[in-house]
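Asker: Just passing along the structure, written as structure tokens.
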Amino acid sequence: MPDFYIVPFTLRDDATPIVAAWRDAFAEPPSGPRAARELNDQLLRHGTLPGFTGCVARDTATERIQGMVYGFSNLPGQWWRDRVAQAMGPTRTQDLLDDSFCLMELGIIRAARRQGIAEALVGAVLAQQPHPQALLSTQSDNRGALAFYLATGWHVVAPRMSFGLGFAPYDILWRPVMRPER
Ligand SMILES: CC(C)(COP(=O)(O)OP(=O)(O)OC[C@H]1O[C@@H](n2cnc3c(N)ncnc32)[C@H](O)[C@@H]1OP(=O)(O)O)[C@@H](O)C(=O)NCCC(=O)NCCS
């Protein structure tokens with residue numbers, strides 16, 4: 001039996017323990033340190049987008065949040081989606097980005113890594129969202145994250161993409177969403 005369980009979260013939940021776990025997860029390079037208001041502000045914007053789906057993992061014994069992830073439907077007009085579409089061109093946008101889910105802020109607290117929590121969280125959130133494929137971006141030098149994604153079914157579809165001046169290069173990753181046969 002795993003020592004954690006996964007539950008959905010929405011804007012109605014208290015964000016404080018979610019943000020605390022996120023800050024621990026993203027405390028070190030190439031991401032952190034990160035300020036609490038960054039995720040608080042981002043959640044207020046993203047939490048109302050179409051298709052918003054979020055999950056947290058809790059320690060079964062202590063109920064402490066060990067990790068989080070969320071996402072929403074990729075739709076024209078969104079900042080991230082439009083930049084990735086420009087980099088991929090119209091044909092790959094139609095194939096990979098239309099009817100897709102944007103995965104954001106996957107983070108596991110440092111004390112709880114390599115127990116399968118991230119894989120379970122991603123599986124849970126993708127099972128709850130409606131799209132047949134998902135995309136995300138991660139810093140091209142985020143070796144731990146890239147190793148995780150490549151080990152769990154994701155593929156790099158645009159390496160070292162530029163989101164503009166001042167941004168580090170990001171790899172864009174894609175994966176299909178498998179659903180059990182009914
Ligand atoms: C990347 C991250 C989410 C992985 O979380 P996790 O719960 O430790 O991952 P899992 O236990 O589900 O890993 C599943 C498999 O992915 C691979 N993997 C995960 N982390 C890895 C690492 N640091 N190095 C190499 N492979 C790794 C392994 O194959 C692992 O299976 P194994 O432990 O049986 O070998 C976590 O390290 C993290 O929060 N990092 C900081 C935040 C971050 O960069 N997030 C990504 C934002 S895009």
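Naming works like this for the structure tokens: A, B, ... for the chains as they're shown, residue 1 at the start of each chain, ligands 1 onward in shown order.
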Give as a PDB file with N, CA and C atoms, in the first residue's frame the residues surrounding ligand 1 up to a distance of 6 Å, considering only C-alpha atoms and all ligand atoms.
Answerer:
ATOM      1  N   ALA A  25       8.966  22.219  -2.871  1.00  0.00           N
ATOM      2  CA  ALA A  25       9.306  21.465  -4.083  1.00  0.00           C
ATOM      3  C   ALA A  25      10.157  22.289  -5.040  1.00  0.00           C
ATOM      4  N   PHE A  26       9.880  23.577  -5.110  1.00  0.00           N
ATOM      5  CA  PHE A  26      10.570  24.435  -6.086  1.00  0.00           C
ATOM      6  C   PHE A  26      11.615  25.338  -5.418  1.00  0.00           C
ATOM      7  N   GLU A 105       3.122  23.090 -12.835  1.00  0.00           N
ATOM      8  CA  GLU A 105       3.553  23.157 -11.430  1.00  0.00           C
ATOM      9  C   GLU A 105       3.583  21.808 -10.715  1.00  0.00           C
ATOM     10  N   LEU A 106       3.980  20.767 -11.434  1.00  0.00           N
ATOM     11  CA  LEU A 106       4.172  19.479 -10.757  1.00  0.00           C
ATOM     12  C   LEU A 106       5.342  19.619  -9.784  1.00  0.00           C
ATOM     13  N   GLY A 107       5.090  19.385  -8.514  1.00  0.00           N
ATOM     14  CA  GLY A 107       6.165  19.490  -7.529  1.00  0.00           C
ATOM     15  C   GLY A 107       5.915  18.572  -6.353  1.00  0.00           C
ATOM     16  N   ILE A 108       6.986  17.884  -5.934  1.00  0.00           N
ATOM     17  CA  ILE A 108       6.921  16.977  -4.786  1.00  0.00           C
ATOM     18  C   ILE A 108       7.891  17.506  -3.738  1.00  0.00           C
ATOM     19  N   ARG A 113      10.434  12.422  -2.265  1.00  0.00           N
ATOM     20  CA  ARG A 113      10.687  12.071  -3.678  1.00  0.00           C
ATOM     21  C   ARG A 113      11.055  10.603  -3.847  1.00  0.00           C
ATOM     22  N   ARG A 114      10.942  10.139  -5.093  1.00  0.00           N
ATOM     23  CA  ARG A 114      11.286   8.777  -5.531  1.00  0.00           C
ATOM     24  C   ARG A 114      10.454   7.720  -4.809  1.00  0.00           C
ATOM     25  N   GLN A 115       9.185   8.063  -4.580  1.00  0.00           N
ATOM     26  CA  GLN A 115       8.232   7.089  -4.021  1.00  0.00           C
ATOM     27  C   GLN A 115       7.056   6.889  -4.968  1.00  0.00           C
ATOM     28  N   GLY A 116       7.174   7.427  -6.175  1.00  0.00           N
ATOM     29  CA  GLY A 116       6.099   7.269  -7.143  1.00  0.00           C
ATOM     30  C   GLY A 116       4.968   8.279  -7.001  1.00  0.00           C
ATOM     31  N   ILE A 117       5.176   9.324  -6.186  1.00  0.00           N
ATOM     32  CA  ILE A 117       4.078  10.276  -5.953  1.00  0.00           C
ATOM     33  C   ILE A 117       3.807  11.123  -7.205  1.00  0.00           C
ATOM     34  N   ALA A 118       4.872  11.595  -7.859  1.00  0.00           N
ATOM     35  CA  ALA A 118       4.654  12.419  -9.061  1.00  0.00           C
ATOM     36  C   ALA A 118       3.965  11.605 -10.149  1.00  0.00           C
ATOM     37  N   GLU A 119       4.397  10.401 -10.343  1.00  0.00           N
ATOM     38  CA  GLU A 119       3.777   9.572 -11.387  1.00  0.00           C
ATOM     39  C   GLU A 119       2.293   9.359 -11.071  1.00  0.00           C
ATOM     40  N   SER A 137       5.857  22.451 -20.174  1.00  0.00           N
ATOM     41  CA  SER A 137       7.214  22.944 -20.431  1.00  0.00           C
ATOM     42  C   SER A 137       8.029  22.788 -19.164  1.00  0.00           C
ATOM     43  N   THR A 138       9.300  22.464 -19.350  1.00  0.00           N
ATOM     44  CA  THR A 138      10.220  22.422 -18.213  1.00  0.00           C
ATOM     45  C   THR A 138      11.555  22.993 -18.669  1.00  0.00           C
ATOM     46  N   GLY A 144      16.404  16.625 -13.321  1.00  0.00           N
ATOM     47  CA  GLY A 144      15.532  15.731 -12.559  1.00  0.00           C
ATOM     48  C   GLY A 144      14.150  15.629 -13.185  1.00  0.00           C
ATOM     49  N   ALA A 145      13.589  16.779 -13.543  1.00  0.00           N
ATOM     50  CA  ALA A 145      12.247  16.786 -14.135  1.00  0.00           C
ATOM     51  C   ALA A 145      12.261  16.085 -15.488  1.00  0.00           C
ATOM     52  N   ALA A 147      14.293  13.781 -16.531  1.00  0.00           N
ATOM     53  CA  ALA A 147      14.448  12.332 -16.317  1.00  0.00           C
ATOM     54  C   ALA A 147      13.108  11.718 -15.906  1.00  0.00           C
ATOM     55  N   PHE A 148      12.382  12.431 -15.027  1.00  0.00           N
ATOM     56  CA  PHE A 148      11.062  11.928 -14.614  1.00  0.00           C
ATOM     57  C   PHE A 148      10.125  11.826 -15.814  1.00  0.00           C
ATOM     58  N   ALA A 151      10.919   9.141 -18.297  1.00  0.00           N
ATOM     59  CA  ALA A 151      10.686   7.794 -17.733  1.00  0.00           C
ATOM     60  C   ALA A 151       9.202   7.465 -17.616  1.00  0.00           C
TER      61      ALA A 151
END
Asker: What are the DSSP alpha helix (DSSP H) residues of segment 26-169 of chain A, as a PyMOL selection string?
Answerer: chain A and resi 36-46+79-92+117-128+143-151
Asker: Under the rule that only C-alpha atoms are counted, which of A:Met104, A:Ile18, A:Gly47, A:Leu121 is the nearest residue to Phe4 of chain A?
Answerer: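 Of the candidates, the smallest distance to Phe4 of chain A is held by A:Leu121.
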Asker: Leaving out Arg23 of chain A and any residue of its chain fewer than 5 positions from it, which residues lie within 9 Å of it when counting only C-alpha atoms, given as JSON, numbers by chain?
Answerer: {"A": [18, 32, 33, 34, 35, 36, 39, 107, 109]}
Asker: Taking only C-alpha atoms into account, name the residue in A:Gly77, A:Pro130, A:Gly153, A:Gly51 that is nearest to Arg175 of chain A.
Answerer: A:Gly153
Asker: Would you mind writing down, as number ranges by chain, each residue of segment 1-135 of chain A that DSSP on the backbone assigns to strand (DSSP E or B)?
Answerer: A: 4-9, 53-59, 65-73, 101-108, 133-135
Asker: Return the single residue from A:Ala85, A:Met178, A:Ala134, A:Cys55 that is closest to Gly67 of chain A, with distances computed using only C-alpha atoms.
Answerer: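 Ranking A:Ala85, A:Met178, A:Ala134, A:Cys55 by distance to Gly67 of chain A, first place goes to A:Cys55.
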Asker: Excluding Asp59 of chain A and its own-chain neighbours fewer than 5 positions away, which residues fall within 9 Å of it when counting only C-alpha atoms? Please give them as a list in words.
Answerer: Asp3, Phe4, Tyr5, Arg64, Ile65 and Gln66 of chain A
Asker: List the spatial neighbours of Cys102 of chain A as number ranges by chain - criterion: any atom at most 8 Å away, only C-alpha atoms, same-chain residues fewer than 3 positions off excluded.
Answerer: A: 71-74, 134-136
Asker: Between A:Pro30, A:Pro2, A:Pro17, A:Pro8, which one has atoms that come closest to Val122 of chain A, using only C-alpha atoms?
Answerer: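 Smallest distance to Val122 of chain A is found for A:Pro8.
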Asker: Given the choices A:Val7, A:Ile172, A:Leu146, A:Leu103, which gets closest to Gln129 of chain A if the distance is worked out from only C-alpha atoms?
Answerer: A:Leu103
Asker: Using only C-alpha atoms, can you tell me which of A:Val157, A:Val19, A:Leu173, A:Leu11 comes closest to Gly89 of chain A?
Answerer: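 For Gly89 of chain A, the nearest of the given residues is A:Val157.
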Asker: So how far away is atom CA of Glu181 of chain A from atom CA of Ala127 of chain A, in Å?
Answerer: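 Pair atom CA of Ala127 of chain A / atom CA of Glu181 of chain A returns 12.8 Å.
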